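Student: First the structure, which I've put down as C-alpha cells, then a few questions once you've had a look.
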Amino acid sequence: MNFTLQDAQALQTILSARRDVRGNRYIDKAIESETLEAIFHAANCAPSVGFSQPWEFILINNSDLREKVYAEFEKENKKAKKIFIADTLYPSLKLEGIKEAAYNIAVLYKKPTKAILGQTTQKKVGEYSVVCAIQNLWLMARAYNIGVGWVSILKPKKIKKILGISSQYKLIAYLTMGYVNEFLDQPELQILNWEIKKELTEVISTRNNNDH
Ligand SMILES: Cc1cc2nc3c(=O)[nH]c(=O)nc-3n(C[C@H](O)[C@H](O)[C@H](O)COP(=O)(O)O)c2cc1C
C-alpha cells in the first residue's frame, strides 16, 4: 500500500495535536464501544520483539478501585512536592485525571514463559514493545478526539495489589482516557515554561565515515 502526501500530513497533524490530558479537561461522556475497539485495535497493531505482543489492558470503571489508586497518587505526589520544593509551580500542577476520566487503563507486560526471538540480549525490549502499544493507543484516541493521560506518580507494586494483578505481569503504565473539553495546542509544561521544546538539531547527530 502506498500512502499519499496528504496521508503523511494527516499523520503528522495527529502526532502534533496529541496531548497528555489531566483531570481538569475530561468531560462526562461515554466512549462508544466501536470507538473503544478501534483504539485498542490500534494498540494491538504495535510492533513487538519476536512478535511477542506482550501487552494486556485492564479497563477500570469501578469507582472504589479508582479511589484507592487516587489515594496512592496523593501519597506519592506529596513526596514529589518535597522534591520540587523550590518550584512554586509544582503544587498547582494537575498531574492526573484518575477520578474524572471515563476510563482508567492499566497496561501490563506479560512476562515471557519461553525464549523470545530478539529478547535474548536486551531483556527490556519486551517492555519497550508495550510502550509502542501505548503510543499507538494514545495516537488513535487523539484521532477520535479522545484524550489520554499517563499517570506515573504511582508505585506499580501498590497498583498491582489494588487491581489484583499476579506476579506474571509487570505494570508498565496507568492511563486515563476520555472525551475532553479541549486539547491544548502545545504541551502544558511548555506553556507554563517548565521545559522548553527541543529543536531537531538538538536531538539528531551523525557519525560519518570521516569521523574518528
Ligand atoms: C512515560 C510518561 C509518563 C508520564 N507521566 C505523567 C504524570 O505522571 N503526570 C502527568 O501529568 N503527565 C505525565 N506525562 C505526560 C508528560 O508530562 C507530557 O507527555 C509532556 O509534558 C508533553 O506534553 P504532551 O504529551 O501534551 O505533548 C507522562 C508522559 C510519559 C511519556
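In the C-alpha cells, each chain is lettered A, B, ... as it comes, each chain's residues begin at 1, and ligands are numbered from 1 in order of appearance.
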Could you list, as a list of chain:residue names, every residue within 10 Å of Ile159 of chain A, counting only C-alpha atoms and ignoring same-chain residues fewer than 6 positions away?
Tutor: A:Leu65, A:Lys68, A:Val69, A:Tyr70, A:Glu72, A:Phe73, A:Ala106, A:Ile165, A:Leu171, A:Tyr174
Student: Identify, counting only C-alpha atoms and all ligand atoms, the protein, DNA and RNA residues located within 7 Å of ligand 1, and give them as a ChimeraX atom specification.
Tutor: /A:18-22,94-96,149-153,186-189
Student: Considering only C-alpha atoms, state which residue in the set A:Ser167, A:Glu76, A:Ala43, A:Gly147 is at the smallest distance from Leu184 of chain A.
Tutor: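 Ranking A:Ser167, A:Glu76, A:Ala43, A:Gly147 by distance to Leu184 of chain A, first place goes to A:Gly147.
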Student: What is the atom CA of Gly164 of chain A to atom CA of Gly97 of chain A distance in Å?
Tutor: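 Computing the Euclidean distance for atom CA of Gly164 of chain A and atom CA of Gly97 of chain A yields 21.5 Å.
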Student: Can you work out which one of A:Arg142, A:Lys82, A:Lys114, A:Lys99 has the shortest atom-to-atom distance to Leu15 of chain A, counting only C-alpha atoms?
Tutor: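 Of A:Arg142, A:Lys82, A:Lys114, A:Lys99, the one nearest Leu15 of chain A, counting only C-alpha atoms, is A:Arg142.
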Student: For the strand (DSSP E) assignment from backbone DSSP, which residues of segment 66-192 of chain A qualify? Please present them as a PyMOL selection string.
Tutor: chain A and resi 103-110+146-150+169-179
Student: Please, could you write that set of residues out with N, CA and C atoms as a CSV table (one decimal), in the first residue's frame?
Tutor:
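Saved result, part_26.csv, follows:
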```
chain,number,residue,atom,x,y,z
A,103,TYR,N,-12.4,6.4,31.5
A,103,TYR,CA,-11.8,5.1,31.8
A,103,TYR,C,-10.4,5.3,32.4
A,104,ASN,N,-10.1,4.4,33.2
A,104,ASN,CA,-8.7,4.2,33.7
A,104,ASN,C,-8.2,2.9,33.0
A,105,ILE,N,-7.0,2.9,32.6
A,105,ILE,CA,-6.5,1.7,31.9
A,105,ILE,C,-5.1,1.3,32.5
A,106,ALA,N,-5.1,0.1,33.0
A,106,ALA,CA,-3.8,-0.5,33.5
A,106,ALA,C,-3.2,-1.2,32.3
A,107,VAL,N,-1.9,-0.8,32.0
A,107,VAL,CA,-1.3,-1.5,30.8
A,107,VAL,C,-0.2,-2.4,31.4
A,108,LEU,N,-0.3,-3.7,31.0
A,108,LEU,CA,0.6,-4.7,31.6
A,108,LEU,C,1.5,-5.3,30.6
A,109,TYR,N,2.6,-5.7,31.1
A,109,TYR,CA,3.6,-6.5,30.3
A,109,TYR,C,3.5,-8.0,30.9
A,110,LYS,N,3.2,-8.9,30.0
A,110,LYS,CA,3.1,-10.3,30.4
A,110,LYS,C,4.5,-10.9,30.3
A,146,ILE,N,-10.3,11.9,21.4
A,146,ILE,CA,-10.3,11.4,22.8
A,146,ILE,C,-9.0,11.6,23.4
A,147,GLY,N,-9.0,12.1,24.7
A,147,GLY,CA,-7.7,12.4,25.4
A,147,GLY,C,-7.2,11.2,26.2
A,148,VAL,N,-5.9,11.1,26.3
A,148,VAL,CA,-5.3,10.1,27.2
A,148,VAL,C,-4.3,10.8,28.1
A,149,GLY,N,-4.2,10.3,29.3
A,149,GLY,CA,-3.1,10.8,30.2
A,149,GLY,C,-2.4,9.7,30.8
A,150,TRP,N,-1.1,9.9,31.0
A,150,TRP,CA,-0.2,8.8,31.6
A,150,TRP,C,0.1,9.3,33.0
A,169,TYR,N,2.8,-10.6,35.7
A,169,TYR,CA,2.7,-9.3,34.9
A,169,TYR,C,3.5,-8.2,35.6
A,170,LYS,N,4.0,-7.3,34.8
A,170,LYS,CA,4.6,-6.0,35.3
A,170,LYS,C,3.7,-4.9,34.8
A,171,LEU,N,3.4,-4.0,35.7
A,171,LEU,CA,2.6,-2.8,35.3
A,171,LEU,C,3.5,-1.8,34.6
A,172,ILE,N,3.2,-1.5,33.4
A,172,ILE,CA,4.0,-0.6,32.6
A,172,ILE,C,3.4,0.8,32.7
A,173,ALA,N,2.1,0.9,32.6
A,173,ALA,CA,1.5,2.3,32.7
A,173,ALA,C,0.2,2.2,33.3
A,174,TYR,N,-0.2,3.4,33.9
A,174,TYR,CA,-1.6,3.6,34.3
A,174,TYR,C,-2.1,4.8,33.5
A,175,LEU,N,-3.1,4.6,32.7
A,175,LEU,CA,-3.6,5.6,31.8
A,175,LEU,C,-5.0,6.0,32.2
A,176,THR,N,-5.3,7.3,31.8
A,176,THR,CA,-6.7,7.7,31.9
A,176,THR,C,-7.1,8.0,30.5
A,177,MET,N,-8.4,7.9,30.2
A,177,MET,CA,-8.8,8.1,28.8
A,177,MET,C,-10.3,8.6,28.8
A,178,GLY,N,-10.6,9.6,28.0
A,178,GLY,CA,-11.9,10.1,27.9
A,178,GLY,C,-12.1,11.3,27.0
A,179,TYR,N,-13.3,11.6,26.6
A,179,TYR,CA,-13.5,12.9,25.9
A,179,TYR,C,-13.1,14.1,26.7
```
Student: Enumerate, as a ChimeraX atom specification, the complete set of residues in segment 38-210 of chain A that a backbone-based DSSP assignment places in alpha helix (DSSP H).
Tutor: /A:38-44,63-83,125-143,156-163,188-191,200-203
Student: Using Å and a single decimal, report how far atom CA of Lys161 of chain A sits from atom CA of Lys81 of chain A.
Tutor: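 Computing it gives 24.6 Å between the two atoms.
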Student: Which polymer residues have any atom within 12 Å of an atom of Asn145 of chain A, counting only C-alpha atoms, with same-chain residues fewer than 4 positions away left out, as a ChimeraX atom specification?
Tutor: /A:14,17-19,21,26,31,35-36,39,138-141,177-183
Student: Name the closest residue to Gly118 of chain A among the candidates A:Asn208, A:Phe51, A:Glu202, A:Phe3; distances are taken between atoms, counting only C-alpha atoms.
Tutor: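 Among the listed residues, the smallest separation from Gly118 of chain A belongs to A:Phe51.
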Student: Please compute the atom CA of Ser129 of chain A-atom CA of Trp55 of chain A distance, one decimal, in Å.
Tutor: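 Taking atom CA of Ser129 of chain A and atom CA of Trp55 of chain A, their separation equals 7.9 Å.
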Student: I need the residue nearest Ile162 of chain A from this list: A:Asp7, A:Asp64, A:Glu34, A:Glu56. Use only C-alpha atoms for the distance.
Tutor: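 Once distances to Ile162 of chain A are computed over only C-alpha atoms, the minimum belongs to A:Asp64.
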Student: Measuring between only C-alpha atoms, which one of A:Ala133, A:Ala143, A:Leu163, A:Ile98 shows the shortest distance to Asn44 of chain A?
Tutor: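 The shortest atom-to-atom distance to Asn44 of chain A comes from A:Ala133.
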